[in-house]
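Visitor: Okay, here's the structure, questions in a sec.
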Amino acid sequence: MISFSSFYQQIADSNLQHWLETLPSILGKWQRDHKHGNLPKWEKVLNKLHYPAPDQVDFVDSVTVGSGEQLSPGEKEKLENLLRLFMPWRKGPFHIHGIHIDTEWRSDWKWDRVKQHISPLKNRTVLDVGCGSGYHMWRMLGSGAKRVVGIDPSPLFLCQFEAVKRLAGTHHPVHLLPLGIEELPPLDAFDTVFSMGVLYHRRSPIDHLLQLRDQLRTGGELVLETLVIDGDENAVLVPQDRYGKMNNVWFIPSVAALMLWLKKCDFTDIRCVDTDVTALAEQRRTDWMPNESLVEYLDPNDITKTVEGYPAPKRATIIAVKNQPNQDLIS
Ligand SMILES: Nc1ncnc2c1ncn2[C@@H]1O[C@H](C[S@+](CC[C@H]([NH3+])C(=O)[O-])CC(=O)[O-])[C@@H](O)[C@H]1O
């Protein structure tokens, strides 16, 4: 069973401590809910990951664990076979003891777009909402964050994260908890909160923004990355059914609409720092994710449209600061 003991130990002296009272029962329920799925099988694989402490790690320019010199060719092949049991690998890439986990997404490209615009993470406490396999969390640590907490309810992402963490060393102050944002109490604690690729999956986007605000300390920074459409502050796409074959996409606003929503949620200093149409090279089928990918989600005759005829995926990064709470908004 995956243990969250290093998380409990490390936050015992932090301003997140009051959270510890409710957390064990929520995590216990998550483990009970998943005991009949793939989780027990993946936990057995995790328990086989006994490898020497890596001779080098890099989280500054990549996520690299081990130079590749420590393992024999046979040991490397065995490790690769174990890591392949966690396929499909969607968010990465990871370089583990010389094994290149070539993931569906070039998550490093997103990080390159985002990192140059945010307040330096040095000594900050960070929350990454919808963190996936945790790729960006390692890069946040590499940028000097004091502690990084990620939440994501997916059991496969938790196991991929745990695999990398067991190989990198469990002492690193980076933790993934299998929770949805709606399960967090208002912590008012984090210096920076990231929500990247999550807003369009939420049925109530304004509530999502308020939940993100509730996790920040006053003056803390929100980094919001999401799908957008072109248009003015009244433009919002609500797909009739699927969007890019995804059946869980609810609201895709324009940048102007999103900035208005943030203002209404009492954020200040709201800036759109990047927009970017997703390139076919950023999201594609690989040896570690052999299923359909972006090219199959777009109209083969016109890649500016999805197969459903909507504008092809365009993403924006917006940064905003948590203002003093406005009592009028809280109800
Ligand atoms: N209620 C929820 N609370 C928290 N997370 C959730 C919730 N529901 C779904 N998720 C998680 O949000 C993530 C969205 S993926 C972005 C990954 C990364 N951030 C990236 O920027 O590459 C984008 C995509 O795959 O479309 C998934 O890992 C879900 O499990």
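The chains in the structure tokens are called A, B, ... from first to last as shown; in each chain the residues are counted from 1, and the ligands are counted from 1 in the order shown.
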Identify, with DSSP run on backbone atoms, the residues in stretch 116-299 of chain A assigned to strand (DSSP E), and express the list as a PyMOL selection string.
Guide: chain A and resi 125-129+147-151+174-177+190-196+216-227+236-237+252-253+267-277+298-299
Visitor: Show me which residues line ligand 1, defined as having an atom within 9 Å of a ligand atom where only C-alpha atoms and all ligand atoms count, and present them as an MDAnalysis selection string.
Guide: chainID A and resid 90:92 105:107 110:111 128:136 150:155 157 178:183 194:202 208 225:226 246 248:249
Visitor: Which residue gives the smallest distance to A:Met137 among A:Leu212, A:Val164, A:Leu46, A:Leu258, with only C-alpha atoms counted?
Guide: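 Of all the options, A:Val164 lies closest to A:Met137.
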Visitor: Give the answer as one residue: which of A:Tyr310, A:Ala256, A:Thr64, A:Leu85 has the shortest atom-to-atom distance to A:Leu237, using only C-alpha atoms?
Guide: A:Tyr310
Visitor: In Å, how far is it from atom CA of A:Pro40 to atom CA of A:Ala168?
Guide: 22.2 Å
Visitor: Pick out the closest residue to A:Asp274 from this set: A:Glu69, A:Asp58, A:Asp112, A:Glu21. Count only C-alpha atoms.
Guide: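 Comparing A:Glu69, A:Asp58, A:Asp112, A:Glu21 against A:Asp274, the winner is A:Asp112.
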Visitor: Env of A:Met87: 7 Å cut, atoms = only C-alpha atoms, seq-sep filter 2 positions within chain, self excluded. Answer as a ChimeraX atom specification.
Guide: /A:84-85,89,288-289
Visitor: Can you pull out the residues contacting A:Lys264? Cut-off 10 Å, using only C-alpha atoms, and skip same-chain residues under 6 positions away; I want them as a list in words.
Guide: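 Listed by chain and then number, they are Ile206, Leu209, Leu210, Leu258 and Leu329 of chain A.
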Visitor: Would you save the residues of that selection, restricted to C-alpha atoms, as a short mmCIF file (atom, residue, chain, number, x, y, z; two decimals), in the first residue's frame?
Guide:
```cif
data_model
loop_
_atom_site.label_atom_id
_atom_site.label_comp_id
_atom_site.auth_asym_id
_atom_site.auth_seq_id
_atom_site.Cartn_x
_atom_site.Cartn_y
_atom_site.Cartn_z
CA ILE A 206 -15.93 30.06 -11.22
CA LEU A 209 -11.20 29.76 -9.36
CA LEU A 210 -12.60 30.37 -5.86
CA LEU A 258 -11.18 34.42 -18.12
CA LEU A 329 -18.00 37.55 -2.80
#
```
Visitor: Calculated over only C-alpha atoms, which of the candidates A:Pro120, A:Pro93, A:Gly98, A:Gly66 has the smallest distance to A:Tyr51?
Guide: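 Smallest distance to A:Tyr51 is found for A:Gly66.
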Visitor: Under the rule that only C-alpha atoms are counted, which of A:Leu156, A:Ala53, A:Leu177, A:Asn15 is the nearest residue to A:Leu27?
Guide: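 Closest candidate: A:Leu177.
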Visitor: Any idea what the distance is between atom CA of A:Trp138 and atom CA of A:Thr103?
Guide: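 A separation of 15.5 Å between them.
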Visitor: Can you tell me which residues surround A:Leu227 at a distance of at most 9 Å, considering only C-alpha atoms, apart from same-chain residues fewer than 3 positions away, and format the answer as a VMD selection string?
Guide: chain A and resid 197 199 to 200 251 to 254 313 to 316
Visitor: Between atom CA of A:Pro88 and atom CA of A:Asn291, what distance in Å does the model show, to one decimal?
Guide: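 Taking atom CA of A:Pro88 and atom CA of A:Asn291, their separation equals 8.1 Å.
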Visitor: Please identify the helix (DSSP H, G or I) residues within stretch 14-236 of chain A (assignment by DSSP from backbone atoms) and present them as a ChimeraX atom specification.
Guide: /A:17-21,23-33,39-46,73-84,107-115,135-142,155-168,181-183,199-201,205-215
Visitor: Taking only C-alpha atoms into account, name the residue in A:Val148, A:Ile101, A:Ile118, A:Val126 that is nearest to A:Leu216.
Guide: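 Of A:Val148, A:Ile101, A:Ile118, A:Val126, the one nearest A:Leu216, counting only C-alpha atoms, is A:Val126.
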